[in-house]
Amino acid sequence: MKFLTLILRSLFRSRRRTVLTVASLAVSVFLIAMLQSLLGTMDALTTSAGSGTRFVVQDKASFTNVIPLAYANFLRQQPEIEQYTAFQWFGGEYQDPKNFFANFAVDPETYLNVYREEANLPSIPVEQVRDFLRDGNGCIVGQTLADRFGWKLGDVVPLRSPIFNLTVRLNIRIIFKGKRNSDETFLAFNIKQLQEAVPWMKGRVGAFTVRARNPADIPKLCERIDRHFANSAQETLSITENAFNLNMMKMLGDYSTMFHSISAAVLVAILIVTANTMAMAIRERTTQISTMRALGFTSGRILSLLMAEGLLLSLLGSGLGILMALGAADVAAKQGGALLPWLADFIITPETLLLCVLLTLGLGLLSTFIPAYRASRRPIIDGLRAL
Amino acid sequence: MIWYLFLPLAPYLLWLLWAAAVHPIPLSYNWRSIWQRWAGTLSTVGAIAIVVMVFVVVLSMAQGVSKAYVRSGRDDQVVLLRQNARVEMMSSLDLGQARLVATHPRIAWDDVGPLATADIIVSKQVALSDGSGSLSVTVRGTTPAGIRLRSQVRILRGRWFLPGMSEAVVPEKMLNRYTGVELGRSFPMAGRTWQVVGVFDGDGSVFDSEIWTDVADLRQAFHRYGTDSSMTVRLRDAGDVPGFIRDMAQDVRLKLEAKAEPDYFLELGDAGRPVQILGQIITLILTVGAVFAAMNTMYATVAGRTAEIGTLRALGFRRREILASFQWEAILLTALGGLLGAGLSRLFNGIHSGTVNMNTWSDVSYAFAVTPELMLQGVAFSILMGVAGGFLPAWRASRIPVTEAMRG
C-alpha cells in the first residue's frame with residue numbers, strides 16, 4: 001500500500017496518454033458489458049417466474065397452425081393438470097404496423113388463473129376483473145404498454161390483424177402491474193371475438209398453455225399428451241414454456257455466436273491498445289527504473305510495481321466502462337423497453353460484471369507483463385547510460 | 001450513409017489533398033516515420049483493423065438478408081395477396097379468383113400455358129442439424145407454372161416432385177443447417193409422409209429457405225379446399241405492371257392487392273434491419289475507442305519527433321505544412337488498419353446463417369455478403385478515424401515553438 005502514491009504518480013506521468021487509454025478501454029468494456037448483458041437478458045426471458053410449472057401444447061408441424069379446441073377434453077381428464085388455457089396469437093396492429101406489441105386472443109377466465117403470477121392477480125381490483133370477464137370486448141393490458149400509448153381504463157383500442165383480416169375494438173378493463181416490467185408489455189382479449197368473426201377459427205385455437213400441479217409431472221404429461229394425439233390428423237408437440245421461449249429467441253438467429261465473437265474481437269483490440277500504452281509508459285522511464293534499481297529496489301519489486309500500474313490502468317478503464325454500462329442499461333430499459341418489450345428487463349447482470357472485472361484483470365496483467373518483465377531485467381548500467 | 005459523414009469534412013480533406021499535391025513534405029517521409037515506431041504502429045493498425053472488420057462483417061449480414069430478397073423478384077412479375085395481407089403466409093384467395101386472374105390478357109404464356117401460379121404457403125418445424133432444436137421453415141405448394149416462373153431455381157440432384165405423390169424438393173442451402181430433409185428421406189407433415197425426391201438451388205433468393213411441393217397435395221393435406229395463399233404471375237412486359245396492378249385494384253370481384261414482385265420482396269427485406277441497426281450501434285461505440293487509441297499513438301509520434309519538427313521548421317516549412325504532414329501520417333496509419341480489416345472481413349464472405357422474418361415467423365437463410373462496396377465503406381471509415389484521431393496531435397505538432405523543438 002505504501003507504494004500506492006508512487007504507482008499513481010507513474011500512472012499519471014503522462015496524463016493525456018492515460019486518459020486516452022482509459023477512455024478507449026472504457027468504451028470497449030462498455031460494449032462488452034452491454035452485449036453480454038443483452039445475451040443474459042435473452043436467457044433470463046426463457047426462465048420467467050412460474051413458467052417452471054407450465055407447458056405449451058401446440059401443433060407438431062408448426063406453431064403457426066391451429067389445433068382443435070376439442071383437444072381440451074383430453075387435458076381436462078388429466079389429474080396432474082391444475083388448469084389449462086387456450087390462446088391464439090392475434091398479431092393485431094394499433095394505428096401503425098410499427099407500433100408492434102404482443103397481443104393474444106385468450107379464454108379470459110382460465111387465462112387470468114394460469115398467468116396469475118405474471119399478472120399479479122391478487123393486486124387487481126375485483127371490479128376490474130368482473131368487468132373484464134363480463135365484457136365480450138374487454139381486454140387486459142400491462143402497465144408498461146398502457147403508459148406507452150397513454151391508455152386509461154375504459155379506453156377503446158382498435159386492433160387490426162393482417163393475419164385474420166379482422167379489426168377488433170376492445171375496451172380496456174384491466175391495467176395490471178406485473179412482477180417484472182417485461183410482463184406488462186402485452187394485451188389479451190376474449191378469444192370468442194375471433195372465433196365468431198373468422199370461420200376457420202371456429203372451434204380452433206393456436207395452442208394451450210397448461211399449468212401442472214407439480215413441475216415434476218411435466219415431462220410425463222407432455223409425453224402422455226403427445227402420445228394420445230399421435231397418428232391423429234393433427235399431432236401435438238408439448239414443450240415447456242421455457243423451451244417455447246427459447247425457440248422464439250433462437251429464430252432471431254445465432255446472436256450468441258455473433259455477440260461472443262464481437263466481444264472476443266474487442267478484447268483483442270483493447271489488449272493491444274493497453275499493451276502499447278504500457279510499453280510506451282515503461283520505455284519512457286527506462287532511466288527512472290534503473291535509478292530505482294540502483295537505489296536498491298529489487299527487480300521483483302520493480303516488476304510488481306509496474307504490473308500494479310498496468311492493473312490499475314485497466315481497472316480504471318473497466319470501472320468507468322461498467323459505470324457507463326450501468327447508466328446506459330437504465331436508459332435502455334426505460335426507453336428501449338417501449339420499443340422492444342423484452343428490453344424492459346434489461347440489466348447488467350452480476351455475472352457480466354464479474355466477467356468484465358476478471359477480463360480486465362487478465363488484460364492488465366497480460367498487457368503489462370512483457371514490457372515490465374523486460375524493464376525489470378534490464379542491466380542497470382544500460383538504463384543509466386542515457387543520463 | 002457513411003459518405004454523408006465526409007460532407008462536413010470536405011473542405012478540410014480538400015485542403016489536405018491540395019497540401020499533399022503542392023506542399024513539399026513528401027508522403028514517403030511519413031511512410032518511413034510510421035515504421036520507426038513499429039510496435040505502436042502495429043498496435044494501432046491492429047485495433048483499427050478489428051473495428052473495421054466488425055463493421056464490415058456485421059453489415060454484410062444485413063446486406064446478405066436484403067440480397068436474398070432482392071434476388072427473388074423479377075420486374076415483370078406481380079404477386080397477388082388478399083387485401084391487407086402483408087405476406088403470402090397470411091394471405092388467402094379462392095380458386096375462383098385465381099382462375100379469373102389467370103385470364104387477364106397481359107399475362108405471359110409459354111409453350112405450356114399461362115405463367116400464373118396459385119401457391120399455398122404453410123410452415124413446418126424442421127430440426128437443426130446441430131441438435132439444438134428446430135425452427136419454423138416455409139413450405140410452398142406450387143404448380144409446374146410456378147416452377148417455370150421462378151427461373152433462378154434449378155434442380156441440382158434428383159427430380160422435381162410429381163403431383164399426387166406427396167413428394168417434396170428441398171433447397172441445397174437448407175441441408176447445411178437442417179437435418180431430416182435430405183434427399184431420399186421422408187418427413188411427416190399434416191398426417192402424411194412426404195418423400196424428398198430432389199435438391200434445388202435458388203441462387204441466393206428466398207426460395208433457398210423454402211421446401212417445395214405440389215399445391216394440390218398440400219391443399220388436401222391441410223384441408224384447404226378451394227383456398228390457396230397467393231398468386232404470382234408473369235406479364236408480357238415489365239411495362240405492363242402498373243396497368244395490371246390497376247386492373248386488379250379496379251376489379252370488384254377480386255378484392256386482391258397486387259404488388260410488383262421487387263416491391264413485395266423489398267418490404268420483406270426489412271428482416272435484416274435489426275442486425276443493421278445493431279451493427280451500426282456497435283461500430284459507433286467501437287470507433288470512439290479506436291479514435292482514442294489512434295490519438296494516443298499520434299501524440300506519442302509527435303512527442304518523439306519534436307526535434308525533427310524543429311528541424312523541419314528551421315528548414316523553412318510552415319506550420320500548416322507540418323499540420324498537413326502529421327494529419328496525413330495519421331490517415332496513412334488508420335487507412336492501413338482499414339485495408340487490413342476490410343481484407344480480413346472478406347474471409348467471412350459467403351458464410352451461411354439464418355434469421356427470422358418477423359412477418360412470416362419463419363426462417364430465412366442468407367449468406368454473409370461482404371461486397372466491395374461494404375469493404376470500401378470500411379476503408380472510408382478508417383480514414384474518418386484517422387482524421388478524427390490525428391487532428392489534435394497534428395495541430396499540436398504544428399504549434400510547437402521552433403526554439404523549444406530544436407532543443408528536443
# chains A, B, ... in the order shown; residues from 1 in each chain; ligands from 1
call {"tool": "interface_residues", "arguments": {"of": "chain A", "to": "chain B", "cutoff": "7 Å", "atoms": "only C-alpha atoms", "output": "PyMOL selection string"}}
result
chain A and resi 17+20-21+23-25+27-28+31+61-62+162-163+165+231+233-234+251-253+262+265+269+272-273+276
call {"tool": "residues_around", "arguments": {"residues": "Ala258 (chain B)", "least_positions_apart": "4", "cutoff": "6 Å", "atoms": "only C-alpha atoms", "output": "JSON list (two decimals) with C-alpha atoms, in the first residue's frame"}}
result
[["chain", "number", "residue", "atom", "x", "y", "z"],
["B", 79, "VAL", "CA", -47.65, -11.02, -56.54],
["B", 80, "LEU", "CA", -51.35, -11.04, -55.62],
["B", 245, "ILE", "CA", -51.98, -3.63, -60.84]]
call {"tool": "residues_around", "arguments": {"residues": "Val197 (chain B)", "least_positions_apart": "3", "cutoff": "7 Å", "atoms": "only C-alpha atoms", "output": "ChimeraX atom specification"}}
result
/B:158-161,167-169,183-184
call {"tool": "closest_residue", "arguments": {"among": "B:Phe207, B:Tyr225, B:Trp328, B:Phe391", "to": "Arg71 (chain B)", "atoms": "only C-alpha atoms"}}
result
B:Phe207
call {"tool": "residues_around", "arguments": {"residues": "Asp217 (chain A)", "least_positions_apart": "3", "cutoff": "10 Å", "atoms": "only C-alpha atoms", "output": "list of chain:residue names"}}
result
A:Thr53, A:Glu80, A:Ile81, A:Ala212, A:Arg213, A:Asn214, A:Lys220, A:Leu221, A:Cys222
call {"tool": "residues_around", "arguments": {"residues": "region 134-137 of chain A", "least_positions_apart": "3", "cutoff": "10 Å", "atoms": "only C-alpha atoms", "output": "ChimeraX atom specification"}}
result
/A:108,128-131,156-157,168-173,189-193
call {"tool": "write_last_selection", "arguments": {"atoms": "N, CA and C atoms", "output": "PDB file, in the first residue's frame"}}
result
ATOM      1  N   PRO A 108     -60.686 -15.773 -21.193  1.00  0.00           N
ATOM      2  CA  PRO A 108     -60.381 -14.830 -20.115  1.00  0.00           C
ATOM      3  C   PRO A 108     -60.234 -15.458 -18.722  1.00  0.00           C
ATOM      4  N   GLN A 128     -62.519  -4.686 -11.555  1.00  0.00           N
ATOM      5  CA  GLN A 128     -61.866  -4.713 -12.870  1.00  0.00           C
ATOM      6  C   GLN A 128     -61.934  -6.126 -13.456  1.00  0.00           C
ATOM      7  N   VAL A 129     -61.655  -7.109 -12.611  1.00  0.00           N
ATOM      8  CA  VAL A 129     -61.713  -8.496 -13.077  1.00  0.00           C
ATOM      9  C   VAL A 129     -63.134  -8.820 -13.534  1.00  0.00           C
ATOM     10  N   ARG A 130     -64.116  -8.372 -12.753  1.00  0.00           N
ATOM     11  CA  ARG A 130     -65.510  -8.648 -13.089  1.00  0.00           C
ATOM     12  C   ARG A 130     -65.851  -8.030 -14.446  1.00  0.00           C
ATOM     13  N   ASP A 131     -65.437  -6.758 -14.644  1.00  0.00           N
ATOM     14  CA  ASP A 131     -65.716  -6.085 -15.917  1.00  0.00           C
ATOM     15  C   ASP A 131     -65.076  -6.828 -17.090  1.00  0.00           C
ATOM     16  N   VAL A 156     -61.003   2.804 -25.660  1.00  0.00           N
ATOM     17  CA  VAL A 156     -61.261   1.837 -26.721  1.00  0.00           C
ATOM     18  C   VAL A 156     -60.010   1.717 -27.594  1.00  0.00           C
ATOM     19  N   VAL A 157     -59.576   0.495 -27.790  1.00  0.00           N
ATOM     20  CA  VAL A 157     -58.369   0.250 -28.583  1.00  0.00           C
ATOM     21  C   VAL A 157     -58.736  -0.546 -29.827  1.00  0.00           C
ATOM     22  N   VAL A 168     -60.687  -5.577 -34.394  1.00  0.00           N
ATOM     23  CA  VAL A 168     -61.490  -5.667 -33.171  1.00  0.00           C
ATOM     24  C   VAL A 168     -61.376  -4.341 -32.430  1.00  0.00           C
ATOM     25  N   ARG A 169     -62.466  -3.939 -31.797  1.00  0.00           N
ATOM     26  CA  ARG A 169     -62.442  -2.716 -30.984  1.00  0.00           C
ATOM     27  C   ARG A 169     -62.593  -3.152 -29.527  1.00  0.00           C
ATOM     28  N   LEU A 170     -61.560  -2.956 -28.764  1.00  0.00           N
ATOM     29  CA  LEU A 170     -61.517  -3.511 -27.420  1.00  0.00           C
ATOM     30  C   LEU A 170     -61.624  -2.418 -26.358  1.00  0.00           C
ATOM     31  N   ASN A 171     -62.323  -2.738 -25.270  1.00  0.00           N
ATOM     32  CA  ASN A 171     -62.388  -1.814 -24.145  1.00  0.00           C
ATOM     33  C   ASN A 171     -61.386  -2.265 -23.093  1.00  0.00           C
ATOM     34  N   ILE A 172     -60.587  -1.332 -22.636  1.00  0.00           N
ATOM     35  CA  ILE A 172     -59.605  -1.703 -21.616  1.00  0.00           C
ATOM     36  C   ILE A 172     -60.324  -1.875 -20.276  1.00  0.00           C
ATOM     37  N   ARG A 173     -60.248  -3.075 -19.740  1.00  0.00           N
ATOM     38  CA  ARG A 173     -60.935  -3.364 -18.472  1.00  0.00           C
ATOM     39  C   ARG A 173     -59.959  -3.568 -17.334  1.00  0.00           C
ATOM     40  N   PHE A 189     -57.303 -10.433 -25.119  1.00  0.00           N
ATOM     41  CA  PHE A 189     -58.754 -10.217 -25.145  1.00  0.00           C
ATOM     42  C   PHE A 189     -59.460 -11.549 -25.374  1.00  0.00           C
ATOM     43  N   ASN A 190     -60.781 -11.500 -25.321  1.00  0.00           N
ATOM     44  CA  ASN A 190     -61.582 -12.721 -25.373  1.00  0.00           C
ATOM     45  C   ASN A 190     -61.525 -13.398 -26.747  1.00  0.00           C
ATOM     46  N   ILE A 191     -61.175 -14.664 -26.740  1.00  0.00           N
ATOM     47  CA  ILE A 191     -60.993 -15.402 -27.992  1.00  0.00           C
ATOM     48  C   ILE A 191     -62.323 -15.605 -28.724  1.00  0.00           C
ATOM     49  N   LYS A 192     -63.442 -15.420 -28.026  1.00  0.00           N
ATOM     50  CA  LYS A 192     -64.764 -15.571 -28.666  1.00  0.00           C
ATOM     51  C   LYS A 192     -64.894 -14.636 -29.850  1.00  0.00           C
ATOM     52  N   GLN A 193     -64.348 -13.422 -29.694  1.00  0.00           N
ATOM     53  CA  GLN A 193     -64.380 -12.424 -30.768  1.00  0.00           C
ATOM     54  C   GLN A 193     -63.827 -13.013 -32.053  1.00  0.00           C
TER      55      GLN A 193
END
call {"tool": "select_by_dssp", "arguments": {"residues": "region 85-236 of chain B", "states": "strand (DSSP E)", "output": "PyMOL selection string"}}
result
chain B and resi 93-94+116-127+134-142+154-158+167-171+186-189+192-201+210-214+227-228+230-234
call {"tool": "residues_around", "arguments": {"residues": "Pro262 (chain B)", "least_positions_apart": "3", "cutoff": "9 Å", "atoms": "only C-alpha atoms", "output": "PyMOL selection string"}}
result
chain B and resi 69-75+77-78+259+265-267
call {"tool": "atom_distance", "arguments": {"atom1": "CA of Asn247 (chain A)", "atom2": "CA of Cys139 (chain A)"}}
result
27.4 Å
call {"tool": "select_by_dssp", "arguments": {"residues": "region 216-353 of chain A", "states": "alpha helix (DSSP H)", "output": "ChimeraX atom specification"}}
result
/A:218-229,241-251,255-284,286-294,299-331,337-339,350-353
call {"tool": "residues_around", "arguments": {"residues": "Leu313 (chain A)", "least_positions_apart": "4", "cutoff": "7 Å", "atoms": "only C-alpha atoms", "output": "ChimeraX atom specification"}}
result
/A:22,309,317
call {"tool": "write_last_selection", "arguments": {"atoms": "N, CA and C atoms", "output": "PDB file, in the first residue's frame"}}
result
ATOM      1  N   VAL A  22      -7.583   5.090 -20.893  1.00  0.00           N
ATOM      2  CA  VAL A  22      -8.713   4.747 -20.028  1.00  0.00           C
ATOM      3  C   VAL A  22     -10.023   4.919 -20.798  1.00  0.00           C
ATOM      4  N   GLU A 309       0.737  -1.026 -11.837  1.00  0.00           N
ATOM      5  CA  GLU A 309       0.359   0.147 -12.621  1.00  0.00           C
ATOM      6  C   GLU A 309      -0.541  -0.265 -13.790  1.00  0.00           C
ATOM      7  N   GLY A 317     -10.116   1.795 -16.483  1.00  0.00           N
ATOM      8  CA  GLY A 317     -10.864   1.751 -17.742  1.00  0.00           C
ATOM      9  C   GLY A 317     -12.131   0.940 -17.608  1.00  0.00           C
TER      10      GLY A 317
END
call {"tool": "closest_residue", "arguments": {"among": "B:Leu339, B:Ile121, B:Ala330, B:Leu16", "to": "Leu93 (chain B)", "atoms": "only C-alpha atoms"}}
result
B:Ile121
call {"tool": "closest_residue", "arguments": {"among": "B:Arg157, B:Arg185, B:Arg99, B:Arg396", "to": "Ile309 (chain B)", "atoms": "only C-alpha atoms"}}
result
B:Arg396
call {"tool": "atom_distance", "arguments": {"atom1": "CA of Leu312 (chain B)", "atom2": "CA of Leu27 (chain B)"}}
result
14.2 Å
call {"tool": "atom_distance", "arguments": {"atom1": "CA of Leu374 (chain B)", "atom2": "CA of Met61 (chain B)"}}
result
11.0 Å
call {"tool": "closest_residue", "arguments": {"among": "B:Gly341, B:Gly146, B:Pro114, B:Gly180", "to": "Ser230 (chain B)", "atoms": "only C-alpha atoms"}}
result
B:Gly146
